[in-house]
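Pasted below: work33.tsv, TSV, C-alpha atoms.
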```tsv
chain	number	residue	atom	x	y	z
A	22	MET	CA	-14.95	-18.83	-14.53
A	23	GLY	CA	-13.59	-20.57	-11.45
A	24	THR	CA	-10.42	-19.20	-9.96
A	25	SER	CA	-9.32	-17.49	-13.14
A	26	VAL	CA	-10.64	-14.14	-11.85
A	27	PHE	CA	-8.11	-14.19	-9.02
A	28	TYR	CA	-5.20	-15.01	-11.32
A	29	PHE	CA	-6.26	-12.42	-13.88
A	30	VAL	CA	-6.56	-9.67	-11.27
A	31	ALA	CA	-3.31	-10.76	-9.59
A	32	THR	CA	-1.44	-10.56	-12.89
A	33	LEU	CA	-2.96	-7.16	-13.55
A	34	SER	CA	-1.89	-5.82	-10.15
A	35	VAL	CA	1.66	-7.18	-10.52
A	36	ILE	CA	1.97	-5.49	-13.93
A	37	CYS	CA	0.58	-2.21	-12.58
A	38	ALA	CA	2.92	-2.36	-9.55
A	39	LEU	CA	5.89	-2.88	-11.87
A	40	MET	CA	4.77	0.09	-13.93
A	41	VAL	CA	4.56	2.22	-10.75
A	42	VAL	CA	8.22	1.51	-10.07
A	43	PHE	CA	9.56	1.73	-13.60
A	44	ALA	CA	7.47	4.51	-15.18
A	45	LYS	CA	9.57	7.56	-15.99
A	46	ASN	CA	6.93	10.22	-15.46
A	47	PRO	CA	5.81	10.61	-11.80
A	48	ILE	CA	2.24	11.38	-12.89
A	49	HIS	CA	2.09	8.06	-14.75
A	50	SER	CA	3.39	6.37	-11.60
A	51	VAL	CA	0.55	7.83	-9.54
A	52	LEU	CA	-2.05	6.79	-12.12
A	53	TYR	CA	-0.67	3.24	-12.20
A	54	LEU	CA	-0.72	3.18	-8.40
A	55	ILE	CA	-4.42	4.09	-8.51
A	56	LEU	CA	-4.96	1.13	-10.87
A	57	THR	CA	-3.04	-1.12	-8.48
A	58	PHE	CA	-5.21	-0.03	-5.57
A	59	PHE	CA	-8.31	-0.68	-7.68
A	60	THR	CA	-7.15	-4.25	-8.30
A	61	PHE	CA	-6.60	-4.61	-4.55
A	62	THR	CA	-10.20	-3.50	-4.04
A	63	VAL	CA	-11.26	-6.28	-6.41
A	64	HIS	CA	-9.19	-8.72	-4.34
A	65	TYR	CA	-11.04	-7.66	-1.18
A	66	VAL	CA	-14.38	-8.16	-2.95
A	67	LEU	CA	-13.24	-11.63	-4.02
A	68	LEU	CA	-12.41	-12.38	-0.36
A	69	ASN	CA	-15.93	-11.21	0.53
A	70	ALA	CA	-14.41	-8.48	2.75
A	71	GLN	CA	-16.89	-5.87	1.62
A	72	PHE	CA	-16.18	-3.34	4.35
A	73	LEU	CA	-12.46	-3.38	3.57
A	74	ALA	CA	-13.20	-3.08	-0.14
A	75	VAL	CA	-15.23	0.07	0.41
A	76	VAL	CA	-12.71	1.54	2.86
A	77	ASN	CA	-9.83	0.75	0.49
A	78	PHE	CA	-11.74	2.41	-2.34
A	79	ILE	CA	-12.52	5.55	-0.37
A	80	VAL	CA	-9.38	5.99	1.73
A	81	TYR	CA	-6.65	4.81	-0.65
A	82	MET	CA	-8.04	5.67	-4.07
A	83	GLY	CA	-10.02	8.67	-2.88
A	84	ALA	CA	-7.97	10.37	-0.20
A	85	ILE	CA	-4.37	9.19	-0.37
A	86	MET	CA	-3.96	9.19	-4.14
A	87	VAL	CA	-5.60	12.60	-4.46
A	88	LEU	CA	-3.08	13.83	-1.89
A	89	PHE	CA	-0.20	12.38	-3.94
A	90	LEU	CA	-1.48	13.90	-7.17
A	91	PHE	CA	-2.09	17.21	-5.44
A	92	VAL	CA	1.48	17.37	-4.10
A	93	LEU	CA	2.94	16.34	-7.48
A	94	MET	CA	0.99	19.04	-9.27
A	95	LEU	CA	1.75	21.60	-6.56
A	96	LEU	CA	5.49	21.00	-6.79
A	97	ASN	CA	5.26	21.06	-10.60
A	98	LEU	CA	7.05	17.76	-10.93
A	99	ASN	CA	5.00	16.57	-13.89
A	100	LYS	CA	8.03	16.59	-16.13
A	101	GLU	CA	10.63	13.91	-16.43
A	102	SER	CA	13.08	15.75	-14.25
A	103	GLU	CA	14.40	12.95	-12.12
A	104	PRO	CA	18.17	12.64	-12.22
A	105	ASN	CA	18.89	9.04	-13.10
A	106	LYS	CA	20.75	6.68	-10.89
A	107	SER	CA	23.53	4.82	-12.61
A	108	VAL	CA	22.46	1.61	-14.35
A	109	PHE	CA	24.81	-0.33	-12.10
A	110	LEU	CA	22.97	0.78	-8.96
A	111	LYS	CA	19.62	-0.02	-10.57
A	112	ILE	CA	20.75	-3.54	-11.44
A	113	ILE	CA	22.07	-4.00	-7.90
A	114	GLY	CA	18.71	-2.85	-6.51
A	115	VAL	CA	16.75	-5.25	-8.71
A	116	ILE	CA	19.07	-8.13	-7.78
A	117	ALA	CA	18.66	-7.35	-4.08
A	118	GLY	CA	14.89	-7.30	-4.49
A	119	GLY	CA	14.99	-10.58	-6.39
A	120	CYS	CA	17.01	-12.14	-3.57
A	121	LEU	CA	14.36	-10.97	-1.11
A	122	ALA	CA	11.60	-12.49	-3.27
A	123	VAL	CA	13.44	-15.81	-3.55
A	124	THR	CA	14.07	-15.88	0.20
A	125	LEU	CA	10.46	-15.06	1.07
A	126	ILE	CA	8.91	-17.54	-1.32
A	127	GLY	CA	11.47	-20.26	-0.53
A	128	SER	CA	11.04	-19.95	3.21
A	129	LEU	CA	7.25	-19.82	2.98
A	130	LYS	CA	7.23	-22.88	0.76
A	131	SER	CA	8.08	-25.14	3.69
A	132	VAL	CA	5.15	-23.90	5.76
A	133	ALA	CA	2.87	-23.75	2.76
A	134	ILE	CA	-0.85	-24.17	3.34
A	135	THR	CA	-2.13	-25.78	0.18
A	136	SER	CA	-5.69	-26.11	1.36
A	137	PRO	CA	-7.99	-23.84	-0.59
A	138	LEU	CA	-9.30	-20.71	1.06
A	139	VAL	CA	-12.77	-21.54	2.39
A	140	LEU	CA	-15.09	-18.94	3.81
A	141	LYS	CA	-16.73	-20.67	6.76
A	142	ASN	CA	-18.83	-17.71	7.81
A	143	PRO	CA	-20.19	-15.70	4.86
A	144	SER	CA	-20.87	-12.63	7.02
A	145	LEU	CA	-17.24	-12.43	8.20
A	146	GLY	CA	-16.24	-9.30	6.31
A	147	LEU	CA	-19.53	-7.47	6.56
A	148	VAL	CA	-19.97	-4.27	8.53
A	149	GLU	CA	-21.99	-6.02	11.22
A	150	SER	CA	-19.34	-8.47	12.42
A	151	LEU	CA	-16.49	-5.98	12.01
A	152	GLY	CA	-18.42	-3.33	13.93
A	153	LYS	CA	-19.05	-5.75	16.79
A	154	GLU	CA	-15.33	-6.54	16.85
A	155	LEU	CA	-14.27	-2.90	16.52
A	156	PHE	CA	-16.50	-1.55	19.28
A	157	GLY	CA	-15.97	-4.56	21.55
A	158	PRO	CA	-12.41	-5.79	22.17
A	159	PHE	CA	-10.80	-3.15	19.95
A	160	MET	CA	-12.50	-0.11	21.52
A	161	LEU	CA	-9.32	1.41	22.98
A	162	PRO	CA	-7.17	1.08	19.82
A	163	PHE	CA	-10.06	2.55	17.84
A	164	GLU	CA	-10.14	5.65	20.04
A	165	LEU	CA	-6.33	5.85	19.97
A	166	SER	CA	-6.38	5.81	16.17
A	167	SER	CA	-8.63	8.86	16.21
A	168	LEU	CA	-6.03	10.52	18.44
A	169	LEU	CA	-3.33	9.48	15.95
A	170	LEU	CA	-5.23	11.05	13.07
A	171	LEU	CA	-5.72	14.26	15.02
A	172	SER	CA	-2.02	14.49	15.87
A	173	ALA	CA	-1.11	13.75	12.24
A	174	MET	CA	-3.40	16.57	11.12
A	175	VAL	CA	-1.89	18.99	13.62
A	176	GLY	CA	1.60	17.88	12.64
A	177	ALA	CA	0.97	18.32	8.92
A	178	VAL	CA	-0.43	21.82	9.43
A	179	LEU	CA	2.45	22.73	11.75
A	180	LEU	CA	5.14	21.40	9.40
A	181	THR	CA	3.93	23.37	6.42
A	182	LYS	CA	3.06	26.49	8.41
A	183	ARG	CA	6.36	27.01	10.22
A	184	GLU	CA	8.26	27.14	6.95
A	185	GLU	CA	6.13	30.01	5.70
A	186	LYS	CA	6.90	32.03	8.82
A	187	THR	CA	10.66	31.73	8.43
A	188	ASN	CA	10.45	32.60	4.77
A	189	GLY	CA	8.24	35.64	5.13
B	30	MET	CA	-21.51	-11.56	-4.22
B	31	GLY	CA	-21.98	-14.92	-2.55
B	32	SER	CA	-21.93	-16.82	-5.82
B	33	LEU	CA	-18.76	-14.97	-6.79
B	34	PHE	CA	-17.07	-16.23	-3.67
B	35	GLU	CA	-18.28	-19.76	-4.27
B	36	ASN	CA	-16.22	-19.71	-7.44
B	37	MET	CA	-13.21	-18.32	-5.59
B	38	GLN	CA	-12.98	-21.10	-3.04
B	39	ALA	CA	-10.44	-23.13	-4.97
B	40	VAL	CA	-7.63	-20.56	-4.70
B	41	PRO	CA	-5.04	-21.97	-2.29
B	42	LEU	CA	-3.76	-19.73	0.49
B	43	ASN	CA	-0.30	-20.43	-0.92
B	44	HIS	CA	-0.98	-18.35	-3.97
B	45	TYR	CA	-2.10	-15.40	-1.85
B	46	ILE	CA	1.19	-15.64	0.07
B	47	TRP	CA	3.26	-15.73	-3.13
B	48	PHE	CA	1.32	-12.91	-4.72
B	49	CYS	CA	1.70	-10.68	-1.66
B	50	ALA	CA	5.41	-11.51	-1.38
B	51	LEU	CA	5.80	-10.49	-5.02
B	52	ILE	CA	4.02	-7.16	-4.54
B	53	PHE	CA	6.04	-6.50	-1.37
B	54	THR	CA	9.25	-7.20	-3.28
B	55	ILE	CA	8.23	-4.81	-6.04
B	56	GLY	CA	7.78	-2.17	-3.34
B	57	VAL	CA	11.25	-2.89	-1.94
B	58	ILE	CA	12.76	-2.65	-5.43
B	59	GLY	CA	11.02	0.68	-5.90
B	60	VAL	CA	12.55	2.02	-2.69
B	61	LEU	CA	16.01	0.80	-3.75
B	62	VAL	CA	15.93	1.90	-7.39
B	63	ARG	CA	14.16	5.25	-7.52
B	64	ARG	CA	15.48	8.60	-6.30
B	65	ASN	CA	12.30	10.65	-6.41
B	66	ALA	CA	11.11	10.91	-2.79
B	67	ILE	CA	7.42	10.81	-3.75
B	68	ILE	CA	7.83	7.59	-5.74
B	69	ILE	CA	9.74	6.03	-2.83
B	70	PHE	CA	6.78	6.97	-0.68
B	71	MET	CA	4.40	5.34	-3.15
B	72	SER	CA	6.48	2.15	-3.02
B	73	VAL	CA	6.06	2.12	0.76
B	74	GLU	CA	2.30	2.35	0.21
B	75	LEU	CA	2.57	-0.65	-2.12
B	76	MET	CA	4.28	-2.67	0.63
B	77	LEU	CA	1.60	-1.67	3.15
B	78	ASN	CA	-1.10	-2.81	0.72
B	79	ALA	CA	0.55	-6.19	0.17
B	80	VAL	CA	0.56	-6.80	3.93
B	81	ASN	CA	-3.06	-5.65	4.16
B	82	LEU	CA	-4.22	-8.13	1.56
B	83	LEU	CA	-2.35	-10.97	3.26
B	84	LEU	CA	-3.91	-10.08	6.62
B	85	ALA	CA	-7.37	-10.14	5.03
B	86	ALA	CA	-6.67	-13.50	3.39
B	87	PHE	CA	-5.48	-15.05	6.66
B	88	SER	CA	-8.49	-13.55	8.43
B	89	VAL	CA	-10.74	-15.44	6.01
B	90	HIS	CA	-8.63	-18.58	6.42
B	91	HIS	CA	-8.90	-18.56	10.21
B	92	ASN	CA	-12.49	-17.30	10.23
B	93	ASP	CA	-11.48	-14.49	12.60
B	94	PRO	CA	-12.61	-10.89	12.04
B	95	SER	CA	-9.68	-9.48	14.08
B	96	GLY	CA	-7.42	-9.61	11.02
B	97	GLN	CA	-9.72	-7.33	9.07
B	98	VAL	CA	-9.91	-4.95	12.04
B	99	PHE	CA	-6.11	-4.78	11.92
B	100	VAL	CA	-6.28	-3.92	8.21
B	101	PHE	CA	-8.63	-1.09	9.11
B	102	PHE	CA	-6.13	0.23	11.67
B	103	ILE	CA	-3.27	-0.04	9.16
B	104	MET	CA	-5.31	2.01	6.71
B	105	ALA	CA	-5.87	4.73	9.35
B	106	LEU	CA	-2.13	4.66	10.08
B	107	ALA	CA	-1.29	4.92	6.38
B	108	ALA	CA	-3.53	7.96	6.01
B	109	ALA	CA	-1.80	9.70	8.92
B	110	GLU	CA	1.63	8.69	7.61
B	111	VAL	CA	0.89	10.03	4.13
B	112	ALA	CA	-0.31	13.37	5.49
B	113	VAL	CA	2.83	13.90	7.61
B	114	GLY	CA	5.23	12.47	5.03
B	115	LEU	CA	3.94	14.54	2.16
B	116	SER	CA	4.10	17.70	4.24
B	117	ILE	CA	7.74	16.85	5.05
B	118	ILE	CA	8.40	16.35	1.31
B	119	VAL	CA	6.78	19.71	0.51
B	120	MET	CA	9.00	21.34	3.14
B	121	VAL	CA	12.12	19.64	1.75
B	122	TYR	CA	11.15	20.88	-1.71
B	123	ARG	CA	10.82	24.43	-0.43
B	124	ASN	CA	14.28	24.28	1.11
B	125	THR	CA	16.17	22.50	-1.67
B	126	GLN	CA	13.99	23.04	-4.77
B	127	SER	CA	14.14	19.32	-5.45
B	128	VAL	CA	12.66	16.02	-4.29
B	129	ASP	CA	15.82	14.11	-5.13
B	130	ILE	CA	16.84	12.21	-2.01
B	131	ASN	CA	20.52	12.47	-2.87
B	132	VAL	CA	20.34	16.18	-2.08
B	133	LEU	CA	19.68	15.14	1.49
B	134	ASN	CA	22.77	12.95	1.83
B	135	ARG	CA	24.08	15.20	4.57
B	136	LEU	CA	21.57	13.46	6.86
B	137	LYS	CA	23.84	10.43	6.76
B	138	TRP	CA	26.47	11.96	9.00
```

Could the structure of this file be written out as structure tokens, please?
Amino acid sequence: MGTSVFYFVATLSVICALMVVFAKNPIHSVLYLILTFFTFTVHYVLLNAQFLAVVNFIVYMGAIMVLFLFVLMLLNLNKESEPNKSVFLKIIGVIAGGCLAVTLIGSLKSVAITSPLVLKNPSLGLVESLGKELFGPFMLPFELSSLLLLSAMVGAVLLTKREEKTNG
Amino acid sequence: MGSLFENMQAVPLNHYIWFCALIFTIGVIGVLVRRNAIIIFMSVELMLNAVNLLLAAFSVHHNDPSGQVFVFFIMALAAAEVAVGLSIIVMVYRNTQSVDINVLNRLKW
């Protein structure tokens, strides 16, 4: 099968990402985004980054997308209620994005690394090596990220709670 | 798993860079084109994911696990960002009965 798996999955994720942006119904957008994240999980598996694959699967597809779906359903936005931008602005947006793509790819072409991706150490992406890295040199950022999650939780509760008080 | 990677070894790093640039650009186009705040948010997630994949690919290329640790931190950051951002969107919806960002154009001045 060779490298065809990568190209197949890459094509699939580009198509799904395009559908996220251009689908009319927000629910369809969320479902396509879940598909995109699944293809990214496959990419991590192909890179032999098994820990990241599992974390991507659980955190993105499990937690974040459920949150998106939950908010969409809660706000009752599952109808095609979005007021459309004018076609002119849409075309301008797509042209601007295309310019960005051309600039990125053109500028990265000069520093291109054409050597194939070789995994020198097969246990690179396993939990063992990442855990040693995480609890060694990255101990302080790891603890700080727990603090960040706590403050985000407090902030989310506070933001939605205060509104209820002023209303009632 | 190992045999699967053996087959993958011929993919040049170049193609990972182009693929991630493409996904990132699709995210940017989504932010520019759509007006639904939740879909704009989802496009931002798409951009974050493109960067994550590129970090993982370069981590494999340089044989350095630090890149994958950074991806882990970005995922934690994205989770926090989504929680706060969606609660802000819910609050905006309660105040304006809409998630259309053009309703909020008074924030410009």

Legend entry - Distance filter 7 Å, only C-alpha atoms, chain B against chain A, as a PyMOL selection string: chain B and resi 34+36-43+47+50-52+54-55+57-59+61-62+65+86+89-90+92+94-95+98+105+108-109+111-113+116-117+120

Inset, instruction - Would you mind reading off the distance between CA of Leu115 (chain B) and CA of Ile67 (chain B), one decimal, in Å? - result: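 Between CA of Leu115 (chain B) and CA of Ile67 (chain B) the gap works out to 7.8 Å.
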
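Closest to Arg63 (chain B) among B:Ile118, B:Val128, B:Leu133, B:Leu106 is B:Val128, based on all atoms listed in the file.
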
First collect every listed atom of region 157-162 of chain A; then fit an axis-aligned box around them, widen it by 5 Å on each side, and give centre and edge lengths in Å to one decimal, as lines of an AutoDock Vina configuration file.
```
center_x = -11.6
center_y = -2.2
center_z = 21.4
size_x = 18.8
size_y = 17.2
size_z = 13.2
```

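Interatomic distance, CA of Ile103 (chain B) against CA of Phe70 (chain B): 15.7 Å.
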
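Atom to atom, CA of Tyr45 (chain B) and CA of Ala74 (chain A) stand 16.7 Å apart.
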
Inset, instruction - Write out as a list of chain:residue names each polymer residue whose atoms come within 6 Å of region 73-85 of chain B, counting only C-alpha atoms; drop sequence neighbours fewer than 6 positions from it. - result: B:Cys49, B:Ile52, B:Phe53, B:Gly56, B:Gly96, B:Gln97, B:Val100

Legend entry - Residue nearest Val148 (chain A) among B:His44, B:Arg64, B:Phe101, B:Arg123 (counting only C-alpha atoms):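 Comparing B:His44, B:Arg64, B:Phe101, B:Arg123 against Val148 (chain A), the winner is B:Phe101.
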
Starting from the incomplete input, reconstruct N, CA and C atoms of region 91-121 of chain B and write that as a PDB file, in the frame of the given file.
```pdb
ATOM      1  N   HIS B  91      -8.691 -18.172   8.827  1.00  0.00           N
ATOM      2  CA  HIS B  91      -8.900 -18.560  10.210  1.00  0.00           C
ATOM      3  C   HIS B  91     -10.290 -18.232  10.718  1.00  0.00           C
ATOM      4  N   ASN B  92     -11.119 -17.654   9.864  1.00  0.00           N
ATOM      5  CA  ASN B  92     -12.490 -17.300  10.230  1.00  0.00           C
ATOM      6  C   ASN B  92     -12.505 -16.387  11.462  1.00  0.00           C
ATOM      7  N   ASP B  93     -11.644 -15.369  11.454  1.00  0.00           N
ATOM      8  CA  ASP B  93     -11.480 -14.490  12.600  1.00  0.00           C
ATOM      9  C   ASP B  93     -11.532 -13.044  12.110  1.00  0.00           C
ATOM     10  N   PRO B  94     -12.507 -12.261  12.557  1.00  0.00           N
ATOM     11  CA  PRO B  94     -12.610 -10.890  12.040  1.00  0.00           C
ATOM     12  C   PRO B  94     -11.516  -9.957  12.544  1.00  0.00           C
ATOM     13  N   SER B  95     -10.707 -10.378  13.535  1.00  0.00           N
ATOM     14  CA  SER B  95      -9.680  -9.480  14.080  1.00  0.00           C
ATOM     15  C   SER B  95      -8.693  -9.033  13.007  1.00  0.00           C
ATOM     16  N   GLY B  96      -8.376  -9.946  12.071  1.00  0.00           N
ATOM     17  CA  GLY B  96      -7.420  -9.610  11.020  1.00  0.00           C
ATOM     18  C   GLY B  96      -7.908  -8.438  10.192  1.00  0.00           C
ATOM     19  N   GLN B  97      -9.199  -8.428   9.888  1.00  0.00           N
ATOM     20  CA  GLN B  97      -9.720  -7.330   9.070  1.00  0.00           C
ATOM     21  C   GLN B  97      -9.780  -6.037   9.868  1.00  0.00           C
ATOM     22  N   VAL B  98      -9.971  -6.153  11.202  1.00  0.00           N
ATOM     23  CA  VAL B  98      -9.910  -4.950  12.040  1.00  0.00           C
ATOM     24  C   VAL B  98      -8.503  -4.363  11.995  1.00  0.00           C
ATOM     25  N   PHE B  99      -7.494  -5.260  11.997  1.00  0.00           N
ATOM     26  CA  PHE B  99      -6.110  -4.780  11.920  1.00  0.00           C
ATOM     27  C   PHE B  99      -5.865  -4.063  10.603  1.00  0.00           C
ATOM     28  N   VAL B 100      -6.443  -4.593   9.503  1.00  0.00           N
ATOM     29  CA  VAL B 100      -6.280  -3.920   8.210  1.00  0.00           C
ATOM     30  C   VAL B 100      -6.867  -2.525   8.276  1.00  0.00           C
ATOM     31  N   PHE B 101      -8.003  -2.406   8.949  1.00  0.00           N
ATOM     32  CA  PHE B 101      -8.630  -1.090   9.110  1.00  0.00           C
ATOM     33  C   PHE B 101      -7.699  -0.130   9.847  1.00  0.00           C
ATOM     34  N   PHE B 102      -7.052  -0.628  10.921  1.00  0.00           N
ATOM     35  CA  PHE B 102      -6.130   0.230  11.670  1.00  0.00           C
ATOM     36  C   PHE B 102      -4.924   0.607  10.813  1.00  0.00           C
ATOM     37  N   ILE B 103      -4.428  -0.349  10.010  1.00  0.00           N
ATOM     38  CA  ILE B 103      -3.270  -0.040   9.160  1.00  0.00           C
ATOM     39  C   ILE B 103      -3.648   1.034   8.147  1.00  0.00           C
ATOM     40  N   MET B 104      -4.889   0.983   7.647  1.00  0.00           N
ATOM     41  CA  MET B 104      -5.310   2.010   6.710  1.00  0.00           C
ATOM     42  C   MET B 104      -5.354   3.388   7.371  1.00  0.00           C
ATOM     43  N   ALA B 105      -5.858   3.451   8.629  1.00  0.00           N
ATOM     44  CA  ALA B 105      -5.870   4.730   9.350  1.00  0.00           C
ATOM     45  C   ALA B 105      -4.442   5.224   9.538  1.00  0.00           C
ATOM     46  N   LEU B 106      -3.536   4.291   9.890  1.00  0.00           N
ATOM     47  CA  LEU B 106      -2.130   4.660  10.080  1.00  0.00           C
ATOM     48  C   LEU B 106      -1.521   5.159   8.782  1.00  0.00           C
ATOM     49  N   ALA B 107      -1.852   4.506   7.659  1.00  0.00           N
ATOM     50  CA  ALA B 107      -1.290   4.920   6.380  1.00  0.00           C
ATOM     51  C   ALA B 107      -1.763   6.312   6.013  1.00  0.00           C
ATOM     52  N   ALA B 108      -3.022   6.624   6.316  1.00  0.00           N
ATOM     53  CA  ALA B 108      -3.530   7.960   6.010  1.00  0.00           C
ATOM     54  C   ALA B 108      -2.761   9.008   6.802  1.00  0.00           C
ATOM     55  N   ALA B 109      -2.543   8.754   8.099  1.00  0.00           N
ATOM     56  CA  ALA B 109      -1.800   9.700   8.920  1.00  0.00           C
ATOM     57  C   ALA B 109      -0.368   9.840   8.417  1.00  0.00           C
ATOM     58  N   GLU B 110       0.238   8.697   8.068  1.00  0.00           N
ATOM     59  CA  GLU B 110       1.630   8.690   7.610  1.00  0.00           C
ATOM     60  C   GLU B 110       1.776   9.481   6.315  1.00  0.00           C
ATOM     61  N   VAL B 111       0.810   9.312   5.403  1.00  0.00           N
ATOM     62  CA  VAL B 111       0.890  10.030   4.130  1.00  0.00           C
ATOM     63  C   VAL B 111       0.772  11.529   4.351  1.00  0.00           C
ATOM     64  N   ALA B 112      -0.137  11.937   5.251  1.00  0.00           N
ATOM     65  CA  ALA B 112      -0.310  13.370   5.490  1.00  0.00           C
ATOM     66  C   ALA B 112       0.992  13.983   6.009  1.00  0.00           C
ATOM     67  N   VAL B 113       1.600  13.346   7.035  1.00  0.00           N
ATOM     68  CA  VAL B 113       2.830  13.900   7.610  1.00  0.00           C
ATOM     69  C   VAL B 113       3.986  13.813   6.622  1.00  0.00           C
ATOM     70  N   GLY B 114       4.110  12.657   5.953  1.00  0.00           N
ATOM     71  CA  GLY B 114       5.230  12.470   5.030  1.00  0.00           C
ATOM     72  C   GLY B 114       5.189  13.428   3.876  1.00  0.00           C
ATOM     73  N   LEU B 115       4.015  13.624   3.297  1.00  0.00           N
ATOM     74  CA  LEU B 115       3.940  14.540   2.160  1.00  0.00           C
ATOM     75  C   LEU B 115       4.205  15.967   2.587  1.00  0.00           C
ATOM     76  N   SER B 116       3.790  16.338   3.813  1.00  0.00           N
ATOM     77  CA  SER B 116       4.100  17.700   4.240  1.00  0.00           C
ATOM     78  C   SER B 116       5.601  17.852   4.461  1.00  0.00           C
ATOM     79  N   ILE B 117       6.276  16.786   4.919  1.00  0.00           N
ATOM     80  CA  ILE B 117       7.740  16.850   5.050  1.00  0.00           C
ATOM     81  C   ILE B 117       8.369  17.001   3.662  1.00  0.00           C
ATOM     82  N   ILE B 118       7.840  16.257   2.663  1.00  0.00           N
ATOM     83  CA  ILE B 118       8.400  16.350   1.310  1.00  0.00           C
ATOM     84  C   ILE B 118       8.207  17.765   0.753  1.00  0.00           C
ATOM     85  N   VAL B 119       7.022  18.343   0.993  1.00  0.00           N
ATOM     86  CA  VAL B 119       6.780  19.710   0.510  1.00  0.00           C
ATOM     87  C   VAL B 119       7.777  20.666   1.152  1.00  0.00           C
ATOM     88  N   MET B 120       8.062  20.451   2.452  1.00  0.00           N
ATOM     89  CA  MET B 120       9.000  21.340   3.140  1.00  0.00           C
ATOM     90  C   MET B 120      10.415  21.155   2.586  1.00  0.00           C
ATOM     91  N   VAL B 121      10.799  19.899   2.330  1.00  0.00           N
ATOM     92  CA  VAL B 121      12.120  19.640   1.750  1.00  0.00           C
ATOM     93  C   VAL B 121      12.227  20.321   0.390  1.00  0.00           C
TER      94      VAL B 121
END
```
